[in-house]
Each structure stands twice: as structure tokens, then as C-alpha cells.
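upload.txt (compact mmCIF, C-alpha atoms)
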# COMPACT_ATOMS: atom_id res chain seq x y z
CA MET A 1 17.84 -25.48 -58.50
CA THR A 2 14.24 -25.49 -57.27
CA ILE A 3 12.47 -22.15 -57.37
CA VAL A 4 9.76 -21.72 -54.76
CA VAL A 5 7.07 -19.25 -55.74
CA ARG A 6 5.42 -17.76 -52.68
CA SER A 7 1.70 -17.17 -52.94
CA SER A 8 0.24 -13.82 -52.00
CA PRO A 9 -0.86 -13.47 -48.36
CA LEU A 10 -3.95 -11.52 -49.51
CA LYS A 11 -7.02 -13.71 -49.82
CA GLU A 12 -10.68 -13.03 -50.60
CA ILE A 13 -12.92 -15.23 -48.45
CA PRO A 14 -16.68 -15.58 -47.89
CA MET A 15 -17.86 -13.31 -45.08
CA GLY A 16 -19.16 -16.37 -43.27
CA ASP A 17 -15.59 -17.74 -43.00
CA LEU A 18 -14.34 -14.66 -41.17
CA ARG A 19 -13.26 -15.35 -37.57
CA LEU A 20 -11.34 -13.80 -34.69
CA GLY A 21 -7.58 -13.64 -35.18
CA MET A 22 -7.79 -12.84 -38.89
CA PHE A 23 -6.33 -9.61 -40.25
CA VAL A 24 -8.87 -7.61 -42.24
CA HIS A 25 -7.14 -6.15 -45.28
CA LYS A 26 -10.10 -4.74 -47.18
CA VAL A 27 -13.82 -4.43 -46.57
CA GLY A 28 -15.84 -4.57 -49.77
CA VAL A 29 -17.50 -1.19 -49.27
CA SER A 30 -16.31 2.40 -49.43
CA TRP A 31 -14.41 3.45 -46.31
CA VAL A 32 -17.04 6.11 -45.65
CA SER A 33 -19.79 3.47 -45.75
CA HIS A 34 -18.54 0.98 -43.18
CA PRO A 35 -18.54 1.54 -39.40
CA PHE A 36 -14.78 1.28 -38.78
CA TRP A 37 -12.46 4.28 -38.65
CA ARG A 38 -9.51 2.12 -39.70
CA THR A 39 -9.28 0.35 -43.04
CA LYS A 40 -7.00 -2.54 -42.02
CA PHE A 41 -6.88 -4.18 -38.61
CA LEU A 42 -6.48 -7.38 -36.62
CA LEU A 43 -9.92 -8.74 -35.77
CA GLU A 44 -9.91 -9.41 -32.01
CA ALA A 45 -13.26 -8.17 -30.66
CA PRO A 46 -16.39 -10.36 -31.03
CA ASP A 47 -18.51 -7.21 -31.48
CA ASP A 48 -16.41 -6.20 -34.51
CA LEU A 49 -16.82 -9.69 -35.99
CA ALA A 50 -20.58 -9.42 -35.61
CA THR A 51 -20.58 -5.94 -37.16
CA LEU A 52 -18.61 -7.10 -40.20
CA ARG A 53 -20.83 -10.12 -40.76
CA ALA A 54 -23.86 -7.82 -40.64
CA LEU A 55 -22.56 -5.77 -43.59
CA ASP A 56 -24.25 -6.30 -46.94
CA VAL A 57 -21.14 -7.74 -48.61
CA PRO A 58 -20.58 -11.40 -49.56
CA THR A 59 -16.78 -11.50 -49.25
CA ILE A 60 -13.91 -9.83 -47.43
CA TRP A 61 -10.13 -9.66 -48.01
CA ILE A 62 -7.74 -10.93 -45.32
CA ASP A 63 -3.93 -10.84 -44.98
CA THR A 64 -2.67 -14.26 -43.85
CA ASP A 65 0.80 -12.89 -43.06
CA ARG A 66 -0.65 -10.68 -40.34
CA GLY A 67 -3.40 -12.90 -39.00
CA LEU A 68 -5.00 -16.34 -39.15
CA ASP A 69 -5.84 -18.10 -42.40
CA VAL A 70 -9.04 -20.02 -43.13
CA PRO A 71 -8.79 -23.61 -41.83
CA PRO A 72 -7.93 -26.24 -44.43
CA VAL A 73 -10.85 -27.91 -46.18
CA ASP A 74 -11.48 -31.49 -45.07
CA VAL A 75 -10.50 -34.24 -47.52
CA PRO A 76 -13.63 -35.40 -49.44
CA VAL A 77 -15.09 -38.74 -48.40
CA ALA A 78 -15.23 -41.50 -51.02
CA ALA A 79 -18.60 -41.88 -52.74
CA ASN A 80 -19.29 -45.34 -51.29
CA GLU A 81 -18.38 -44.35 -47.74
CA PRO A 82 -20.85 -42.63 -45.43
CA SER A 83 -19.66 -39.33 -44.06
CA VAL A 84 -19.11 -38.75 -40.36
CA GLU A 85 -21.99 -36.26 -40.45
CA ALA A 86 -24.28 -38.87 -42.06
CA GLU A 87 -23.38 -41.43 -39.39
CA GLU A 88 -24.06 -38.88 -36.67
CA ASP A 89 -27.42 -37.93 -38.24
CA ALA A 90 -28.42 -41.60 -38.44
CA SER A 91 -27.36 -42.16 -34.85
CA SER A 92 -29.51 -39.24 -33.73
CA VAL A 93 -32.57 -40.66 -35.52
CA GLU A 94 -32.07 -44.12 -34.05
CA ASN A 95 -31.44 -42.71 -30.58
CA PRO A 96 -33.41 -39.47 -30.15
CA THR A 97 -32.08 -39.06 -26.59
CA ALA A 98 -28.47 -38.96 -27.78
CA SER A 99 -26.57 -35.84 -26.77
CA PRO A 100 -25.86 -33.35 -29.55
CA ALA A 101 -22.34 -33.20 -30.88
CA PRO A 102 -20.19 -30.89 -28.76
CA VAL A 103 -19.63 -27.43 -30.15
CA ILE A 104 -15.94 -26.60 -30.32
CA ALA A 105 -15.43 -22.98 -29.36
CA ALA A 106 -13.06 -20.86 -31.41
CA VAL A 107 -9.72 -20.40 -29.70
CA ALA A 108 -9.13 -16.74 -28.97
CA PRO A 109 -5.76 -15.45 -30.12
CA ASP A 110 -3.08 -15.35 -27.42
CA PRO A 111 -2.75 -11.66 -26.43
CA VAL A 112 0.97 -11.93 -25.66
CA ALA A 113 1.76 -13.73 -28.93
CA THR A 114 -0.33 -11.22 -30.86
CA ALA A 115 1.36 -8.28 -29.13
CA ALA A 116 4.82 -9.83 -29.65
CA ALA A 117 4.20 -10.18 -33.39
CA LEU A 118 2.94 -6.62 -33.48
CA CYS A 119 6.06 -5.36 -31.66
CA GLU A 120 8.29 -7.15 -34.13
CA ARG A 121 6.43 -5.66 -37.08
CA ALA A 122 6.44 -2.24 -35.43
CA ARG A 123 10.20 -2.31 -35.06
CA GLY A 124 10.55 -3.14 -38.75
CA VAL A 125 8.24 -0.29 -39.77
CA VAL A 126 10.12 2.24 -37.64
CA VAL A 127 13.54 1.02 -38.81
CA ARG A 128 12.46 1.41 -42.45
CA MET A 129 10.95 4.79 -41.66
CA PHE A 130 14.25 6.05 -40.23
CA GLN A 131 16.26 4.51 -43.06
CA ASP A 132 14.04 6.07 -45.72
CA ALA A 133 14.29 9.44 -43.99
CA ARG A 134 18.10 9.22 -43.88
CA LEU A 135 18.11 8.48 -47.62
CA GLY A 136 15.81 11.39 -48.39
CA ARG A 137 12.84 9.25 -49.39
CA GLY A 138 10.40 10.84 -46.96
CA ILE A 139 8.04 9.18 -44.48
CA ASP A 140 5.59 6.41 -45.36
CA ALA A 141 2.60 7.86 -43.51
CA VAL A 142 0.29 5.06 -44.67
CA ALA A 143 2.46 2.33 -43.12
CA ALA A 144 2.74 4.32 -39.90
CA ARG A 145 -1.02 4.87 -39.76
CA GLU A 146 -1.79 1.18 -40.34
CA LEU A 147 0.64 0.25 -37.56
CA VAL A 148 -0.93 2.75 -35.17
CA ASP A 149 -4.39 1.36 -35.95
CA ASP A 150 -3.20 -2.18 -35.16
CA MET A 151 -1.58 -1.03 -31.93
CA SER A 152 -4.76 0.77 -30.95
CA ARG A 153 -6.78 -2.41 -31.46
CA SER A 154 -4.27 -4.42 -29.43
CA ILE A 155 -4.43 -1.97 -26.53
CA GLU A 156 -8.21 -1.87 -26.69
CA ALA A 157 -8.44 -5.67 -26.47
CA HIS A 158 -5.61 -6.31 -24.00
CA PRO A 159 -4.34 -3.06 -22.42
CA SER A 160 -1.33 -4.50 -20.61
CA ALA A 161 0.08 -6.93 -23.22
CA LEU A 162 1.57 -4.44 -25.68
CA LEU A 163 2.62 -1.93 -23.01
CA SER A 164 4.51 -4.69 -21.18
CA LEU A 165 6.27 -5.98 -24.28
CA VAL A 166 7.54 -2.60 -25.46
CA ARG A 167 9.42 -2.35 -22.16
CA LEU A 168 11.62 -5.23 -23.32
CA LYS A 169 13.61 -3.02 -25.68
CA THR A 170 17.40 -3.08 -25.35
CA ALA A 171 19.84 -0.19 -25.26
CA ASP A 172 20.88 -1.11 -28.81
CA ASP A 173 17.43 -0.67 -30.36
CA TYR A 174 16.30 2.14 -28.07
CA THR A 175 15.98 4.74 -30.85
CA TYR A 176 13.49 2.60 -32.79
CA MET A 177 11.54 0.94 -29.98
CA HIS A 178 11.28 4.23 -28.09
CA SER A 179 9.07 5.46 -30.95
CA VAL A 180 6.91 2.34 -30.66
CA ALA A 181 6.70 2.64 -26.87
CA VAL A 182 5.73 6.32 -26.94
CA GLY A 183 3.14 5.53 -29.61
CA ALA A 184 1.64 2.83 -27.36
CA LEU A 185 1.67 5.12 -24.32
CA MET A 186 0.01 7.91 -26.30
CA LEU A 187 -2.75 5.57 -27.49
CA SER A 188 -3.40 4.41 -23.94
CA PHE A 189 -3.29 8.01 -22.63
CA ALA A 190 -5.69 9.28 -25.31
CA ARG A 191 -8.14 6.47 -24.61
CA HIS A 192 -8.02 7.25 -20.89
CA LEU A 193 -8.83 10.90 -21.65
CA GLY A 194 -11.86 9.79 -23.66
CA LEU A 195 -10.72 11.30 -26.95
CA ASP A 196 -12.60 10.37 -30.10
CA ALA A 197 -11.26 7.78 -32.54
CA LEU A 198 -9.58 10.25 -34.90
CA ARG A 199 -7.78 12.00 -32.05
CA VAL A 200 -6.72 8.67 -30.59
CA ARG A 201 -5.16 7.85 -33.94
CA ALA A 202 -3.50 11.30 -34.09
CA ALA A 203 -2.08 10.67 -30.60
CA GLY A 204 -0.60 7.35 -31.70
CA MET A 205 0.88 8.96 -34.81
CA ALA A 206 2.39 11.76 -32.70
CA GLY A 207 4.05 9.20 -30.44
CA MET A 208 5.27 7.07 -33.33
CA LEU A 209 6.71 10.00 -35.32
CA HIS A 210 7.82 12.41 -32.59
CA ASP A 211 11.52 11.53 -32.90
CA VAL A 212 11.71 10.99 -36.67
CA GLY A 213 13.97 14.05 -36.89
CA LYS A 214 16.68 11.98 -35.17
CA SER A 215 17.07 10.21 -38.49
CA GLN A 216 18.98 13.35 -39.54
CA VAL A 217 21.32 13.18 -36.52
CA PRO A 218 24.59 11.18 -36.95
CA LEU A 219 24.27 7.63 -35.60
CA GLU A 220 27.50 7.96 -33.64
CA VAL A 221 25.93 10.81 -31.70
CA LEU A 222 22.65 8.98 -31.02
CA SER A 223 24.43 5.87 -29.75
CA LYS A 224 27.31 7.55 -27.92
CA PRO A 225 27.79 5.63 -24.62
CA MET A 226 28.73 8.72 -22.61
CA GLU A 227 27.69 12.32 -22.02
CA LEU A 228 27.34 14.37 -25.18
CA SER A 229 29.47 17.41 -25.88
CA VAL A 230 27.84 20.84 -26.26
CA THR A 231 28.13 20.57 -30.06
CA GLU A 232 26.60 17.09 -30.09
CA MET A 233 23.80 18.16 -27.78
CA ASN A 234 22.98 21.04 -30.12
CA GLN A 235 22.78 18.55 -32.99
CA VAL A 236 20.29 16.44 -31.06
CA ARG A 237 18.22 19.47 -30.04
CA LYS A 238 17.59 20.22 -33.71
CA HIS A 239 15.62 17.00 -34.21
CA PRO A 240 12.13 18.52 -33.60
CA LEU A 241 12.70 21.07 -36.37
CA LEU A 242 14.20 18.45 -38.68
CA GLY A 243 11.34 16.04 -38.04
CA HIS A 244 8.75 18.73 -38.61
CA ARG A 245 10.37 19.58 -41.94
CA LEU A 246 10.31 15.91 -43.00
CA LEU A 247 6.65 15.45 -42.13
CA VAL A 248 5.51 18.68 -43.79
CA SER A 249 7.41 17.91 -46.99
CA ARG A 250 5.92 14.42 -47.26
CA GLY A 251 2.36 15.16 -46.15
CA GLY A 252 -0.31 12.67 -45.14
CA VAL A 253 0.09 13.13 -41.36
CA ASP A 254 -2.51 14.81 -39.15
CA THR A 255 -1.55 18.44 -38.46
CA GLU A 256 -1.86 17.90 -34.69
CA ALA A 257 0.62 15.03 -34.87
CA VAL A 258 3.01 17.13 -36.95
CA ASP A 259 2.79 19.93 -34.39
CA ALA A 260 3.50 17.45 -31.56
CA CYS A 261 6.64 16.36 -33.40
CA LEU A 262 7.77 19.99 -33.48
CA HIS A 263 6.87 20.90 -29.88
CA HIS A 264 7.27 17.76 -27.74
CA HIS A 265 10.31 19.32 -26.01
CA GLU A 266 8.47 22.47 -24.97
CA LYS A 267 7.89 22.84 -21.21
CA PHE A 268 4.79 24.18 -19.52
CA ASP A 269 6.76 27.04 -17.90
CA GLY A 270 8.28 28.19 -21.21
CA THR A 271 11.81 26.90 -20.67
CA GLY A 272 11.64 24.25 -23.40
CA TYR A 273 12.63 24.30 -27.07
CA PRO A 274 12.56 25.05 -29.97
CA HIS A 275 10.20 28.03 -29.48
CA GLY A 276 9.90 28.52 -25.72
CA LEU A 277 6.11 28.21 -25.75
CA VAL A 278 4.24 28.63 -22.46
CA GLY A 279 1.24 26.75 -21.03
CA GLU A 280 -1.60 26.27 -23.47
CA GLN A 281 0.38 27.87 -26.27
CA ILE A 282 1.56 24.26 -26.52
CA THR A 283 -1.13 22.07 -28.07
CA ARG A 284 -2.67 19.36 -25.92
CA LEU A 285 -1.20 16.62 -28.10
CA ALA A 286 2.29 18.10 -27.78
CA ARG A 287 1.88 18.35 -23.99
CA MET A 288 0.80 14.70 -23.89
CA THR A 289 3.74 13.66 -26.08
CA ALA A 290 6.17 15.48 -23.79
CA ILE A 291 4.95 13.41 -20.83
CA CYS A 292 5.02 10.05 -22.63
CA ASP A 293 8.39 10.78 -24.25
CA VAL A 294 10.09 11.59 -20.94
CA TYR A 295 8.45 8.69 -19.08
CA ASP A 296 9.64 6.10 -21.58
CA ALA A 297 13.10 7.69 -21.83
CA ILE A 298 13.81 7.66 -18.10
CA THR A 299 12.45 4.13 -17.57
CA SER A 300 14.55 2.65 -20.40
CA ASP A 301 18.12 1.40 -20.31
CA ARG A 302 20.32 3.64 -22.41
CA PRO A 303 23.96 3.22 -23.58
CA TYR A 304 25.07 5.60 -20.79
CA LYS A 305 22.69 4.78 -17.89
CA LYS A 306 20.22 2.31 -16.44
CA GLY A 307 16.55 3.20 -16.56
CA TRP A 308 14.58 4.11 -13.45
CA ASP A 309 11.88 1.91 -11.99
CA PRO A 310 8.48 3.06 -13.36
CA ALA A 311 7.10 4.01 -9.93
CA HIS A 312 10.25 5.98 -9.13
CA ALA A 313 10.04 7.66 -12.55
CA VAL A 314 6.47 8.85 -11.88
CA GLN A 315 7.54 10.22 -8.50
CA ARG A 316 10.51 12.08 -9.97
CA MET A 317 8.47 13.51 -12.86
CA ALA A 318 5.93 14.82 -10.34
CA SER A 319 8.71 16.78 -8.62
CA TRP A 320 9.78 18.65 -11.80
CA ARG A 321 7.72 21.79 -11.32
CA GLY A 322 6.97 23.64 -14.53
CA HIS A 323 8.02 20.80 -16.81
CA PHE A 324 4.60 19.28 -17.58
CA ASP A 325 0.98 20.38 -17.71
CA PRO A 326 -0.10 19.50 -14.12
CA ARG A 327 -3.63 18.47 -15.10
CA LEU A 328 -2.48 16.24 -17.94
CA PHE A 329 0.28 14.75 -15.80
CA ARG A 330 -2.24 13.73 -13.13
CA ALA A 331 -4.32 12.10 -15.88
CA PHE A 332 -1.21 10.29 -17.14
CA VAL A 333 -0.52 8.92 -13.66
CA ARG A 334 -4.07 7.60 -13.56
CA THR A 335 -3.44 6.02 -16.98
CA VAL A 336 -0.29 4.12 -16.02
CA GLY A 337 -1.04 3.90 -12.28
CA VAL A 338 0.89 5.03 -9.22
CA TYR A 339 2.60 1.68 -9.59
CA PRO A 340 2.89 1.35 -13.40
CA ILE A 341 3.12 -1.92 -15.31
CA GLY A 342 6.54 -3.45 -14.68
CA ALA A 343 7.13 -1.65 -11.36
CA LEU A 344 8.84 -3.71 -8.65
CA VAL A 345 7.05 -3.45 -5.30
CA ARG A 346 7.46 -4.86 -1.79
CA LEU A 347 4.29 -6.18 -0.20
CA GLU A 348 3.34 -6.04 3.48
CA SER A 349 3.69 -9.84 3.49
CA CYS A 350 7.45 -9.36 2.86
CA ARG A 351 7.29 -10.61 -0.70
CA LEU A 352 8.43 -8.98 -3.93
CA ALA A 353 6.04 -8.60 -6.83
CA VAL A 354 5.86 -7.01 -10.27
CA VAL A 355 2.84 -4.91 -11.25
CA LEU A 356 0.72 -6.43 -14.03
CA ASP A 357 -2.05 -3.85 -14.20
CA GLY A 358 -1.44 -0.29 -13.08
CA SER A 359 -4.60 1.26 -14.51
CA ARG A 360 -7.24 0.11 -12.05
CA ASP A 361 -9.71 2.42 -10.31
CA SER A 362 -7.77 1.85 -7.10
CA LEU A 363 -4.34 3.18 -8.06
CA THR A 364 -2.66 2.00 -4.85
CA GLN A 365 -3.94 -1.59 -5.07
CA PRO A 366 -2.75 -2.98 -8.42
CA VAL A 367 -2.76 -6.50 -9.79
CA VAL A 368 0.69 -7.99 -9.18
CA ARG A 369 2.68 -11.16 -9.83
CA VAL A 370 4.43 -12.35 -6.66
CA PHE A 371 7.75 -14.09 -7.34
CA TYR A 372 10.11 -13.73 -4.34
CA SER A 373 9.98 -14.24 -0.56
CA ILE A 374 12.17 -11.77 1.34
CA VAL A 375 11.85 -13.74 4.60
CA GLU A 376 12.95 -17.01 2.99
CA GLY A 377 15.46 -15.32 0.69
CA ARG A 378 14.36 -17.31 -2.35
CA ARG A 379 12.14 -17.27 -5.41
CA VAL A 380 8.65 -18.71 -5.16
CA ASP A 381 6.48 -20.08 -7.94
CA PRO A 382 5.04 -16.91 -9.49
CA PHE A 383 1.33 -16.30 -8.91
CA VAL A 384 -1.05 -13.43 -9.64
CA LEU A 385 -2.59 -11.47 -6.78
CA ASP A 386 -5.27 -8.79 -7.18
CA LEU A 387 -4.74 -6.50 -4.21
CA ALA A 388 -8.09 -4.79 -4.79
CA THR A 389 -10.06 -8.03 -4.34
CA PRO A 390 -12.40 -7.85 -1.33
CA GLY A 391 -10.84 -9.78 1.54
CA CYS A 392 -7.27 -9.52 0.26
CA GLU A 393 -5.19 -8.61 3.30
CA ASP A 394 -1.95 -7.87 1.47
CA ARG A 395 -0.97 -4.36 0.37
CA VAL A 396 1.91 -2.58 -1.31
CA ALA A 397 4.30 -1.53 1.45
CA ALA A 398 6.66 0.43 -0.81
CA LYS A 399 8.16 0.54 -4.25
CA GLU A 400 11.37 -1.44 -4.39
CA ALA A 401 14.69 -0.55 -6.03
CA ARG A 402 15.46 -2.76 -8.99
CA GLY A 403 18.73 -3.92 -7.43
CA GLU A 404 19.94 -7.16 -8.96
CA TRP A 405 16.82 -7.66 -11.03
CA SER A 406 17.26 -6.78 -14.70
CA GLU A 407 14.76 -4.67 -16.63
CA ALA A 408 14.20 -7.52 -19.09
CA GLU A 409 13.49 -10.00 -16.28
CA LEU A 410 10.97 -7.69 -14.61
CA ALA A 411 9.30 -6.90 -17.93
CA LYS A 412 8.83 -10.62 -18.66
CA LEU A 413 7.27 -11.12 -15.23
CA ALA A 414 4.89 -8.26 -16.05
CA LEU A 415 3.51 -9.99 -19.14
CA PRO A 416 -0.17 -10.99 -18.82
As C-alpha cells, how would this structure be written, given the file I've shared?
Amino acid sequence: MTIVVRSSPLKEIPMGDLRLGMFVHKVGVSWVSHPFWRTKFLLEAPDDLATLRALDVPTIWIDTDRGLDVPPVDVPVAANEPSVEAEEDASSVENPTASPAPVIAAVAPDPVATAAALCERARGVVVRMFQDARLGRGIDAVAARELVDDMSRSIEAHPSALLSLVRLKTADDYTYMHSVAVGALMLSFARHLGLDALRVRAAGMAGMLHDVGKSQVPLEVLSKPMELSVTEMNQVRKHPLLGHRLLVSRGGVDTEAVDACLHHHEKFDGTGYPHGLVGEQITRLARMTAICDVYDAITSDRPYKKGWDPAHAVQRMASWRGHFDPRLFRAFVRTVGVYPIGALVRLESCRLAVVLDGSRDSLTQPVVRVFYSIVEGRRVDPFVLDLATPGCEDRVAAKEARGEWSEAELAKLALP
């Protein structure tokens, strides 16, 4: 039997070899001395690459399991053979008018592929988090924080990619991917509000951990494909208290995020639980979590019902007087758009389209992907249309009921 020994994915490389798409595992200076508020992250922004190369450190550690590796070294040329570079140099001397060798630009990482890998890793982290909690091992706050930092970077670089992909969750993995989706929504919401980096991270942690108390609720209750009994509903309603207890006992989580876990089911008018808090007695982070939690819940397919279209969900949430902080809810609508990512809309040109970008300055004129002609009664080759472009004569006529279109199909059409 052949035993394959797997090498470690951690690698120390010269700072000059660092490039976009690599995953920074460790910067060779104290965390208080370098300009990044996260210690590990996927390197996607050119400005961050320039900042790292400007540090006074010769090497940096990367994780090749979570990002690109250094390119393989070229095979050495035999001693009696001139190198390609030598031939090119000689050619340039002989012919001074010769064009310089073309510069091959670095290929930027595919935002959808990067977000898809991040979603897959996120699901694994959340599954382990719930499993550990069920077994009494506590919560790995470090793993959760690293995941939130990576998600934050992904949203910063490509706002729609991750938010579109988390909509692809199925009814079977709802419990786990709901935590990922709410974490992503909270990060996007916090950024829209202009919160500082530490509060953006706390918002992501609140979203990621808000339902961890459900790890203490029987699985047969969480996945029951029908209406819960009064006893079962009471079991579920205990999850904020149970989650708060877990987080406090383990430590390592921002106090605001812990409070949001405890109070994300409070309502602005005082009719929520577990403490019936009113208005600003509820912390801002908990009020934000309440909005993101409900939005993702009602737009997701569950074992007992189909999710609502995102635009319809926003409209219905707006009608629930007293449920949410009105000011924060208006800000949330501006974050996701009147026609959120993944919403199905009918255009004035009698075509169906899916919203790709619902966070533009013009909330009623999103970027859409057209895919169906109502007049012709058939699909058309999908194409992207920015309704806010000067001269564009098409407009959204109305939001459209999902009808025969599946959530997964619409979510794939919404990918960048």
C-alpha cells in the first residue's frame, strides 16, 4: 500500500512573490503594527497588495488551500543553451526598434468562483460550530471570526457575488446556510451604514452566530415539514437564551454580537422575546440582526413553505408596523434595493429579468439580466441591461411572481 503524505498548505514566500488571489495567513509583524484589522484574508484588492509590499518585512506566509500558490519555477536551461531571455536581449541589441516583450497581466480571481469556494467553506464552519455546540464543546470564535473577515473582503471586492450565492441554499441545509446568509447581509448592511471596521466585523459575527442556540433544539423540531405544536414552538423560542449562554460561557465574541444573539427576536414595539424590550432599549446591532434574519427567512424555501420573492418580501416587511426600527429598515431597503438581488421583475418591454444589482443610487432602476420574452412566450439568450444607463428606454413595470421559476434557477441567473 502506498502512503501519500500531504504537504502543509502553509508556505512562507518572499514578499515580492505575493500576488492577488493568494490567501494571507500571517504577516511578519505584530498585528498592532500592520494596517489591516484582520489577521488572515484573501488578497483581492490591488491597494492591499501594494500596502503589504510596502511593509518592512522580507517574507509573508500564505495558505495554498484557501488561495493561489506561487507559480512553478521554470525548468533550468542547460549550460550550453542560450536562455530565451538571452536570445531576446540579443535580438533587442541587434534590432533597437524591436517592440518590447508583451507584459502578461495577472489574471484577477473569478469573483463567482471565489465566492462559491467561500460559501462551501462557510457551510463547513457553521456545521462544525453547530455540531461542537451540540456536543458541549463550545463555539470556535476564532474560526467564525476568520470566516467573517473573508466574507467581508469578498463583499467589499464584489458586493453581489456572495449575496447571490448564499441564496442558493436548499431547504435541507437551511439551518446552516441561513447563518451564512444573515452574516453576509449584516456585513453588507453595516458597510452601507458606514460603520467602522470593528463594528462591521461585529455585525458579521452577530449574523453568523445569531441562531447558534438552535444547536440545542432537537433536529426533528428544526426540520419538521409542517406547523410546529405549541410545545415545539416554545422549544424553538428558547434558542436566543440558549445561544447567549453558549457564547458567554465560551468567550471570545464581541459583546455587541453576543447581545444581538440574545435579542434578535425583540420587536421595536415591545412585543418580541425574550425580554419584551422597546425601541432603543434594543441595541442597534440587535435591531439590524432582526431585519436581516427575517428577510433571509421569508425569502428562503423551508421544509413547510416556499420563500417569497425578495421584492415582495421587502414590501411585506414594510407593512409590519412596530416590528422593525423604521429608520434602520429604510436603510436596509437602500442596502438591498427596492428590487433586491435575485428579484424577478417584468420590464416595460414585456420581458422578464432577474435583478443583478439592487444597491444602486437609483433604487428603482437596477441592473438586470433579461432572459424571457413574454410576447414571444420563450426564453431569449440572457443579457445584462443597466436600466440606469442614460438613454435606456426600458424600465421595471412591476415585480413578478415567481410562478414556475425555481428559486435556484433565479439565483443562478442573478450571479454576476
Given only C-alpha atoms as the counted atoms, nearest of A:Ala297, A:Val230, A:Ala116, A:Met205 to A:Val253: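 Of all the options, A:Met205 lies closest to A:Val253.
Distances here use all atoms listed in the file; by that measure, the residue among A:Glu227, A:Asp259, A:Asp386, A:Glu348 closest to A:Tyr304 is A:Glu227.
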Within 12 Å of A:His158 using all atoms listed in the file, minus same-chain residues under 6 positions, as a PyMOL selection string: chain A and resi 44-45+109-115+151-152+164-165+188+356-357+415-416
I need the residue nearest A:Val217 from this list: A:Val70, A:Ala190, A:Ala133, A:Ala203. Use all atoms listed in the file for the distance.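 Distance minimum relative to A:Val217 lands on A:Ala133.
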Please identify all polymer residues within 12 Å of A:Ala50, counting only C-alpha atoms, omitting same-chain residues fewer than 4 positions from it, and present them as a list in words. Met15, Gly16, Leu18, Arg19, Leu20, Pro35, Leu43, Glu44, Ala45, Pro46, Ala54 and Leu55 of chain A
Is there a way to complete stretch 158-165 of chain A with all heavy atoms and then write that out as a JSON list (two decimals), in the coordinates of the input?
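Generated output (out_25.json):
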[["chain", "number", "residue", "atom", "x", "y", "z"],
["A", 158, "HIS", "N", -6.42, -5.83, -25.12],
["A", 158, "HIS", "CA", -5.61, -6.31, -24.00],
["A", 158, "HIS", "C", -4.65, -5.19, -23.57],
["A", 158, "HIS", "O", -3.51, -5.13, -24.03],
["A", 158, "HIS", "CB", -4.81, -7.55, -24.41],
["A", 158, "HIS", "CG", -5.67, -8.67, -24.92],
["A", 158, "HIS", "ND1", -6.43, -9.45, -24.09],
["A", 158, "HIS", "CD2", -5.90, -9.11, -26.17],
["A", 158, "HIS", "CE1", -7.08, -10.34, -24.81],
["A", 158, "HIS", "NE2", -6.79, -10.15, -26.08],
["A", 159, "PRO", "N", -5.10, -4.28, -22.73],
["A", 159, "PRO", "CA", -4.34, -3.06, -22.42],
["A", 159, "PRO", "C", -2.91, -3.28, -21.95],
["A", 159, "PRO", "O", -2.03, -2.50, -22.27],
["A", 159, "PRO", "CB", -5.18, -2.40, -21.32],
["A", 159, "PRO", "CG", -6.56, -2.92, -21.53],
["A", 159, "PRO", "CD", -6.39, -4.32, -22.03],
["A", 160, "SER", "N", -2.66, -4.35, -21.20],
["A", 160, "SER", "CA", -1.33, -4.50, -20.61],
["A", 160, "SER", "C", -0.34, -5.25, -21.49],
["A", 160, "SER", "O", 0.88, -5.12, -21.31],
["A", 160, "SER", "CB", -1.42, -5.21, -19.25],
["A", 160, "SER", "OG", -1.95, -6.51, -19.40],
["A", 161, "ALA", "N", -0.82, -6.06, -22.46],
["A", 161, "ALA", "CA", 0.08, -6.93, -23.22],
["A", 161, "ALA", "C", 1.10, -6.14, -24.02],
["A", 161, "ALA", "O", 2.32, -6.35, -23.89],
["A", 161, "ALA", "CB", -0.73, -7.84, -24.15],
["A", 162, "LEU", "N", 0.65, -5.20, -24.84],
["A", 162, "LEU", "CA", 1.57, -4.44, -25.68],
["A", 162, "LEU", "C", 2.44, -3.51, -24.84],
["A", 162, "LEU", "O", 3.65, -3.40, -25.07],
["A", 162, "LEU", "CB", 0.79, -3.64, -26.72],
["A", 162, "LEU", "CG", 1.62, -2.88, -27.76],
["A", 162, "LEU", "CD1", 2.44, -3.85, -28.59],
["A", 162, "LEU", "CD2", 0.73, -2.04, -28.65],
["A", 163, "LEU", "N", 1.85, -2.85, -23.83],
["A", 163, "LEU", "CA", 2.62, -1.93, -23.01],
["A", 163, "LEU", "C", 3.72, -2.65, -22.24],
["A", 163, "LEU", "O", 4.78, -2.09, -21.97],
["A", 163, "LEU", "CB", 1.69, -1.20, -22.03],
["A", 163, "LEU", "CG", 0.71, -0.21, -22.68],
["A", 163, "LEU", "CD1", -0.27, 0.31, -21.64],
["A", 163, "LEU", "CD2", 1.46, 0.95, -23.31],
["A", 164, "SER", "N", 3.47, -3.91, -21.87],
["A", 164, "SER", "CA", 4.51, -4.69, -21.18],
["A", 164, "SER", "C", 5.63, -5.07, -22.14],
["A", 164, "SER", "O", 6.82, -4.98, -21.79],
["A", 164, "SER", "CB", 3.89, -5.96, -20.57],
["A", 164, "SER", "OG", 2.93, -5.65, -19.61],
["A", 165, "LEU", "N", 5.27, -5.50, -23.34],
["A", 165, "LEU", "CA", 6.27, -5.98, -24.28],
["A", 165, "LEU", "C", 7.19, -4.87, -24.78],
["A", 165, "LEU", "O", 8.39, -5.11, -25.00],
["A", 165, "LEU", "CB", 5.60, -6.67, -25.47],
["A", 165, "LEU", "CG", 5.12, -8.09, -25.19],
["A", 165, "LEU", "CD1", 4.21, -8.58, -26.30],
["A", 165, "LEU", "CD2", 6.29, -9.04, -25.03]]
